[in-house]
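This is coords-v6.cif (mmCIF, C-alpha atoms).
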```cif
data_data
loop_
_atom_site.label_atom_id
_atom_site.label_comp_id
_atom_site.auth_asym_id
_atom_site.auth_seq_id
_atom_site.Cartn_x
_atom_site.Cartn_y
_atom_site.Cartn_z
CA MET F 175 -9.97 92.69 -108.39
CA SER F 176 -12.52 93.36 -111.07
CA ALA F 177 -16.28 93.35 -110.73
CA SER F 178 -16.78 94.23 -114.41
CA GLY F 179 -18.53 97.48 -113.53
CA SER F 180 -21.10 95.78 -111.30
CA ALA F 181 -21.81 97.63 -108.06
CA GLY F 182 -23.59 94.53 -106.79
CA GLU F 183 -20.58 92.30 -107.42
CA ALA F 184 -18.15 94.87 -106.00
CA GLY F 185 -20.35 95.19 -102.91
CA ARG F 186 -20.45 91.43 -102.46
CA ARG F 187 -16.66 91.21 -102.64
CA LEU F 188 -16.19 94.18 -100.30
CA TYR F 189 -18.94 93.03 -97.88
CA VAL F 190 -20.96 96.23 -98.35
CA HIS F 191 -24.27 97.05 -100.02
CA ALA F 192 -24.26 97.93 -103.73
CA ASN F 193 -25.59 101.41 -102.87
CA THR F 194 -22.53 101.93 -100.66
CA VAL F 195 -20.30 101.18 -103.63
CA ARG F 196 -22.23 103.63 -105.80
CA TYR F 197 -22.07 106.30 -103.09
CA ARG F 198 -18.33 105.89 -102.61
CA ILE F 199 -17.74 106.12 -106.36
CA ARG F 200 -19.77 109.35 -106.48
CA ARG F 201 -17.77 110.76 -103.54
CA VAL F 202 -14.45 109.94 -105.20
CA GLU F 203 -15.68 111.66 -108.36
CA GLU F 204 -16.83 114.71 -106.39
CA LEU F 205 -13.62 115.00 -104.37
CA THR F 206 -11.24 114.43 -107.29
CA VAL F 207 -13.33 116.16 -109.99
CA ARG F 208 -12.69 113.14 -112.21
CA LEU F 209 -15.15 110.66 -113.70
CA LEU F 210 -14.32 107.05 -112.91
CA GLY F 211 -15.89 106.02 -116.21
CA ASP F 212 -12.88 107.63 -117.92
CA PRO F 213 -10.01 105.12 -118.22
CA GLN F 214 -7.39 107.89 -118.10
CA ALA F 215 -8.86 109.22 -114.84
CA VAL F 216 -8.76 105.72 -113.34
CA LEU F 217 -5.13 105.34 -114.44
CA ASP F 218 -4.21 108.74 -112.97
CA LEU F 219 -5.93 108.02 -109.64
CA GLY F 220 -4.38 104.54 -109.46
CA ALA F 221 -0.92 106.00 -110.01
CA ALA F 222 -1.57 108.63 -107.34
CA VAL F 223 -2.61 105.99 -104.81
CA GLN F 224 0.51 103.95 -105.60
CA ALA F 225 2.72 107.05 -105.25
CA LEU F 226 1.20 108.18 -101.95
CA PRO F 227 3.41 106.03 -99.66
CA VAL F 228 6.54 107.10 -101.52
CA LEU F 229 5.67 110.79 -101.39
CA SER F 230 4.61 110.66 -97.74
CA GLY F 231 7.76 108.77 -96.74
CA SER F 232 5.90 105.81 -95.27
CA ALA F 233 6.55 102.20 -96.18
CA ALA F 234 2.88 101.29 -96.57
CA PRO F 235 -0.23 103.12 -97.73
CA PRO F 236 -2.49 104.47 -94.98
CA PRO F 237 -5.28 102.11 -93.90
CA VAL F 238 -8.52 102.38 -95.82
CA GLY F 239 -10.87 104.78 -94.07
CA SER F 240 -8.11 106.64 -92.26
CA ALA F 241 -8.06 110.43 -92.22
CA ALA F 242 -4.77 110.40 -94.15
CA VAL F 243 -6.49 108.91 -97.17
CA TYR F 244 -8.97 111.77 -97.27
CA GLY F 245 -6.42 114.48 -96.58
CA THR F 246 -7.97 115.56 -93.29
#
```
Can you dump the structure from the file as C-alpha cells?
Amino acid sequence: MSASGSAGEAGRRLYVHANTVRYRIRRVEELTVRLLGDPQAVLDLGAAVQALPVLSGSAAPPPVGSAAVYGT
C-alpha cells in the first residue's frame, strides 16, 4: 500500500489522523536510529519485519501494537 509520502492519505487508509502517522514515523526513526526517507533504511526495516516470524519461530508476525513488535 502506497500513499506516495502523504501522511494524510496514509492516515485515511489506516483510519487514523495524519498527525498520528507522522508521530509513528518519528517513533520508528527514534527507536531504530534510521531515517525512513532513506530507501536503504526502508528496505532494511522491511526485510527485518519479514524475517521476524522466521527468527522467532512463529508462523505469523505478531499483531500490530503487540508488545512483541516493540521488543518489550
Applying 12 Å and all atoms listed in the file, which residues near Leu210 (chain F) remain after dropping the ones on its own chain fewer than 4 positions away? List them as a PDB file with C-alpha atoms, in the frame of the given file.
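This went into part_33.pdb:
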```
ATOM      1  CA  GLY F 179     -18.530  97.480-113.530  1.00  0.00           C
ATOM      2  CA  ARG F 196     -22.230 103.630-105.800  1.00  0.00           C
ATOM      3  CA  ARG F 198     -18.330 105.890-102.610  1.00  0.00           C
ATOM      4  CA  ILE F 199     -17.740 106.120-106.360  1.00  0.00           C
ATOM      5  CA  ARG F 200     -19.770 109.350-106.480  1.00  0.00           C
ATOM      6  CA  ARG F 201     -17.770 110.760-103.540  1.00  0.00           C
ATOM      7  CA  VAL F 202     -14.450 109.940-105.200  1.00  0.00           C
ATOM      8  CA  GLU F 203     -15.680 111.660-108.360  1.00  0.00           C
ATOM      9  CA  GLU F 204     -16.830 114.710-106.390  1.00  0.00           C
ATOM     10  CA  LEU F 205     -13.620 115.000-104.370  1.00  0.00           C
ATOM     11  CA  THR F 206     -11.240 114.430-107.290  1.00  0.00           C
ATOM     12  CA  GLN F 214      -7.390 107.890-118.100  1.00  0.00           C
ATOM     13  CA  ALA F 215      -8.860 109.220-114.840  1.00  0.00           C
ATOM     14  CA  VAL F 216      -8.760 105.720-113.340  1.00  0.00           C
ATOM     15  CA  LEU F 217      -5.130 105.340-114.440  1.00  0.00           C
ATOM     16  CA  ASP F 218      -4.210 108.740-112.970  1.00  0.00           C
ATOM     17  CA  LEU F 219      -5.930 108.020-109.640  1.00  0.00           C
ATOM     18  CA  GLY F 220      -4.380 104.540-109.460  1.00  0.00           C
TER      19      GLY F 220
END
```
Note to self: What's around Val195 (chain F) at 8 Å? Count all atoms listed in the file, leave out sequence neighbours fewer than 6 positions away in its own chain, and write the answer as an MDAnalysis selection string.
What the structure shows: chainID F and resid 181 184:185
As lines of an AutoDock Vina configuration file, please report the centre and edge lengths, rounded to one decimal in Å, of the axis-aligned box that holds all listed atoms of region 196-210 of chain F with 4 Å of padding on each of the six sides.
```
center_x = -16.7
center_y = 109.9
center_z = -108.2
size_x = 19.0
size_y = 20.5
size_z = 19.1
```
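Taking CA of Arg186 (chain F) as the reference point, CA of Gln224 (chain F) is found at 24.6 Å.
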Could you complete region 200-236 of chain F so that it carries N, CA and C atoms, and give it back as a PDB file, in the frame of the given file?
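result01.pdb, written as the output of this step:
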```
ATOM      1  N   ARG F 200     -19.358 107.947-106.302  1.00  0.00           N
ATOM      2  CA  ARG F 200     -19.770 109.350-106.480  1.00  0.00           C
ATOM      3  C   ARG F 200     -18.903 110.289-105.654  1.00  0.00           C
ATOM      4  N   ARG F 201     -18.594 109.904-104.410  1.00  0.00           N
ATOM      5  CA  ARG F 201     -17.770 110.760-103.540  1.00  0.00           C
ATOM      6  C   ARG F 201     -16.364 110.913-104.092  1.00  0.00           C
ATOM      7  N   VAL F 202     -15.784 109.842-104.596  1.00  0.00           N
ATOM      8  CA  VAL F 202     -14.450 109.940-105.200  1.00  0.00           C
ATOM      9  C   VAL F 202     -14.509 110.883-106.391  1.00  0.00           C
ATOM     10  N   GLU F 203     -15.541 110.760-107.213  1.00  0.00           N
ATOM     11  CA  GLU F 203     -15.680 111.660-108.360  1.00  0.00           C
ATOM     12  C   GLU F 203     -15.855 113.104-107.924  1.00  0.00           C
ATOM     13  N   GLU F 204     -16.632 113.342-106.883  1.00  0.00           N
ATOM     14  CA  GLU F 204     -16.830 114.710-106.390  1.00  0.00           C
ATOM     15  C   GLU F 204     -15.544 115.289-105.826  1.00  0.00           C
ATOM     16  N   LEU F 205     -14.831 114.505-105.039  1.00  0.00           N
ATOM     17  CA  LEU F 205     -13.620 115.000-104.370  1.00  0.00           C
ATOM     18  C   LEU F 205     -12.443 115.184-105.323  1.00  0.00           C
ATOM     19  N   THR F 206     -12.377 114.356-106.364  1.00  0.00           N
ATOM     20  CA  THR F 206     -11.240 114.430-107.290  1.00  0.00           C
ATOM     21  C   THR F 206     -11.572 115.203-108.563  1.00  0.00           C
ATOM     22  N   VAL F 207     -12.848 115.500-108.769  1.00  0.00           N
ATOM     23  CA  VAL F 207     -13.330 116.160-109.990  1.00  0.00           C
ATOM     24  C   VAL F 207     -12.882 115.361-111.224  1.00  0.00           C
ATOM     25  N   ARG F 208     -12.997 114.047-111.107  1.00  0.00           N
ATOM     26  CA  ARG F 208     -12.690 113.140-112.210  1.00  0.00           C
ATOM     27  C   ARG F 208     -13.799 112.097-112.294  1.00  0.00           C
ATOM     28  N   LEU F 209     -14.119 111.681-113.503  1.00  0.00           N
ATOM     29  CA  LEU F 209     -15.150 110.660-113.700  1.00  0.00           C
ATOM     30  C   LEU F 209     -14.480 109.296-113.780  1.00  0.00           C
ATOM     31  N   LEU F 210     -14.930 108.364-112.947  1.00  0.00           N
ATOM     32  CA  LEU F 210     -14.320 107.050-112.910  1.00  0.00           C
ATOM     33  C   LEU F 210     -14.730 106.172-114.094  1.00  0.00           C
ATOM     34  N   GLY F 211     -15.581 106.694-114.955  1.00  0.00           N
ATOM     35  CA  GLY F 211     -15.890 106.020-116.210  1.00  0.00           C
ATOM     36  C   GLY F 211     -14.843 106.312-117.273  1.00  0.00           C
ATOM     37  N   ASP F 212     -13.948 107.253-116.998  1.00  0.00           N
ATOM     38  CA  ASP F 212     -12.880 107.630-117.920  1.00  0.00           C
ATOM     39  C   ASP F 212     -11.625 106.821-117.591  1.00  0.00           C
ATOM     40  N   PRO F 213     -11.178 105.951-118.499  1.00  0.00           N
ATOM     41  CA  PRO F 213     -10.010 105.120-118.220  1.00  0.00           C
ATOM     42  C   PRO F 213      -8.759 105.921-117.839  1.00  0.00           C
ATOM     43  N   GLN F 214      -8.561 107.076-118.432  1.00  0.00           N
ATOM     44  CA  GLN F 214      -7.390 107.890-118.100  1.00  0.00           C
ATOM     45  C   GLN F 214      -7.480 108.394-116.664  1.00  0.00           C
ATOM     46  N   ALA F 215      -8.678 108.772-116.227  1.00  0.00           N
ATOM     47  CA  ALA F 215      -8.860 109.220-114.840  1.00  0.00           C
ATOM     48  C   ALA F 215      -8.575 108.093-113.869  1.00  0.00           C
ATOM     49  N   VAL F 216      -9.020 106.881-114.191  1.00  0.00           N
ATOM     50  CA  VAL F 216      -8.760 105.720-113.340  1.00  0.00           C
ATOM     51  C   VAL F 216      -7.264 105.450-113.268  1.00  0.00           C
ATOM     52  N   LEU F 217      -6.587 105.536-114.404  1.00  0.00           N
ATOM     53  CA  LEU F 217      -5.130 105.340-114.440  1.00  0.00           C
ATOM     54  C   LEU F 217      -4.428 106.395-113.587  1.00  0.00           C
ATOM     55  N   ASP F 218      -4.820 107.650-113.737  1.00  0.00           N
ATOM     56  CA  ASP F 218      -4.210 108.740-112.970  1.00  0.00           C
ATOM     57  C   ASP F 218      -4.416 108.545-111.464  1.00  0.00           C
ATOM     58  N   LEU F 219      -5.650 108.211-111.065  1.00  0.00           N
ATOM     59  CA  LEU F 219      -5.930 108.020-109.640  1.00  0.00           C
ATOM     60  C   LEU F 219      -5.207 106.799-109.096  1.00  0.00           C
ATOM     61  N   GLY F 220      -5.121 105.738-109.885  1.00  0.00           N
ATOM     62  CA  GLY F 220      -4.380 104.540-109.460  1.00  0.00           C
ATOM     63  C   GLY F 220      -2.919 104.855-109.244  1.00  0.00           C
ATOM     64  N   ALA F 221      -2.330 105.616-110.153  1.00  0.00           N
ATOM     65  CA  ALA F 221      -0.920 106.000-110.010  1.00  0.00           C
ATOM     66  C   ALA F 221      -0.725 106.873-108.778  1.00  0.00           C
ATOM     67  N   ALA F 222      -1.668 107.761-108.515  1.00  0.00           N
ATOM     68  CA  ALA F 222      -1.570 108.630-107.340  1.00  0.00           C
ATOM     69  C   ALA F 222      -1.625 107.821-106.051  1.00  0.00           C
ATOM     70  N   VAL F 223      -2.499 106.829-106.008  1.00  0.00           N
ATOM     71  CA  VAL F 223      -2.610 105.990-104.810  1.00  0.00           C
ATOM     72  C   VAL F 223      -1.322 105.195-104.611  1.00  0.00           C
ATOM     73  N   GLN F 224      -0.748 104.703-105.704  1.00  0.00           N
ATOM     74  CA  GLN F 224       0.510 103.950-105.600  1.00  0.00           C
ATOM     75  C   GLN F 224       1.658 104.857-105.163  1.00  0.00           C
ATOM     76  N   ALA F 225       1.645 106.119-105.577  1.00  0.00           N
ATOM     77  CA  ALA F 225       2.720 107.050-105.250  1.00  0.00           C
ATOM     78  C   ALA F 225       2.610 107.617-103.842  1.00  0.00           C
ATOM     79  N   LEU F 226       1.435 107.569-103.256  1.00  0.00           N
ATOM     80  CA  LEU F 226       1.200 108.180-101.950  1.00  0.00           C
ATOM     81  C   LEU F 226       2.200 107.734-100.877  1.00  0.00           C
ATOM     82  N   PRO F 227       2.449 106.435-100.704  1.00  0.00           N
ATOM     83  CA  PRO F 227       3.410 106.030 -99.660  1.00  0.00           C
ATOM     84  C   PRO F 227       4.822 106.559 -99.929  1.00  0.00           C
ATOM     85  N   VAL F 228       5.207 106.614-101.174  1.00  0.00           N
ATOM     86  CA  VAL F 228       6.540 107.100-101.520  1.00  0.00           C
ATOM     87  C   VAL F 228       6.649 108.590-101.209  1.00  0.00           C
ATOM     88  N   LEU F 229       5.646 109.345-101.600  1.00  0.00           N
ATOM     89  CA  LEU F 229       5.670 110.790-101.390  1.00  0.00           C
ATOM     90  C   LEU F 229       5.520 111.175 -99.926  1.00  0.00           C
ATOM     91  N   SER F 230       4.801 110.349 -99.160  1.00  0.00           N
ATOM     92  CA  SER F 230       4.610 110.660 -97.740  1.00  0.00           C
ATOM     93  C   SER F 230       5.746 110.124 -96.883  1.00  0.00           C
ATOM     94  N   GLY F 231       6.621 109.304 -97.471  1.00  0.00           N
ATOM     95  CA  GLY F 231       7.760 108.770 -96.740  1.00  0.00           C
ATOM     96  C   GLY F 231       7.439 107.561 -95.897  1.00  0.00           C
ATOM     97  N   SER F 232       6.251 106.999 -96.044  1.00  0.00           N
ATOM     98  CA  SER F 232       5.900 105.810 -95.270  1.00  0.00           C
ATOM     99  C   SER F 232       6.112 104.565 -96.133  1.00  0.00           C
ATOM    100  N   ALA F 233       6.300 103.447 -95.474  1.00  0.00           N
ATOM    101  CA  ALA F 233       6.550 102.200 -96.180  1.00  0.00           C
ATOM    102  C   ALA F 233       5.274 101.585 -96.738  1.00  0.00           C
ATOM    103  N   ALA F 234       4.148 101.895 -96.142  1.00  0.00           N
ATOM    104  CA  ALA F 234       2.880 101.290 -96.570  1.00  0.00           C
ATOM    105  C   ALA F 234       1.832 102.377 -96.721  1.00  0.00           C
ATOM    106  N   PRO F 235       0.847 102.137 -97.590  1.00  0.00           N
ATOM    107  CA  PRO F 235      -0.230 103.120 -97.730  1.00  0.00           C
ATOM    108  C   PRO F 235      -1.036 103.194 -96.440  1.00  0.00           C
ATOM    109  N   PRO F 236      -1.686 104.340 -96.189  1.00  0.00           N
ATOM    110  CA  PRO F 236      -2.490 104.470 -94.980  1.00  0.00           C
ATOM    111  C   PRO F 236      -3.664 103.489 -95.048  1.00  0.00           C
TER     112      PRO F 236
END
```
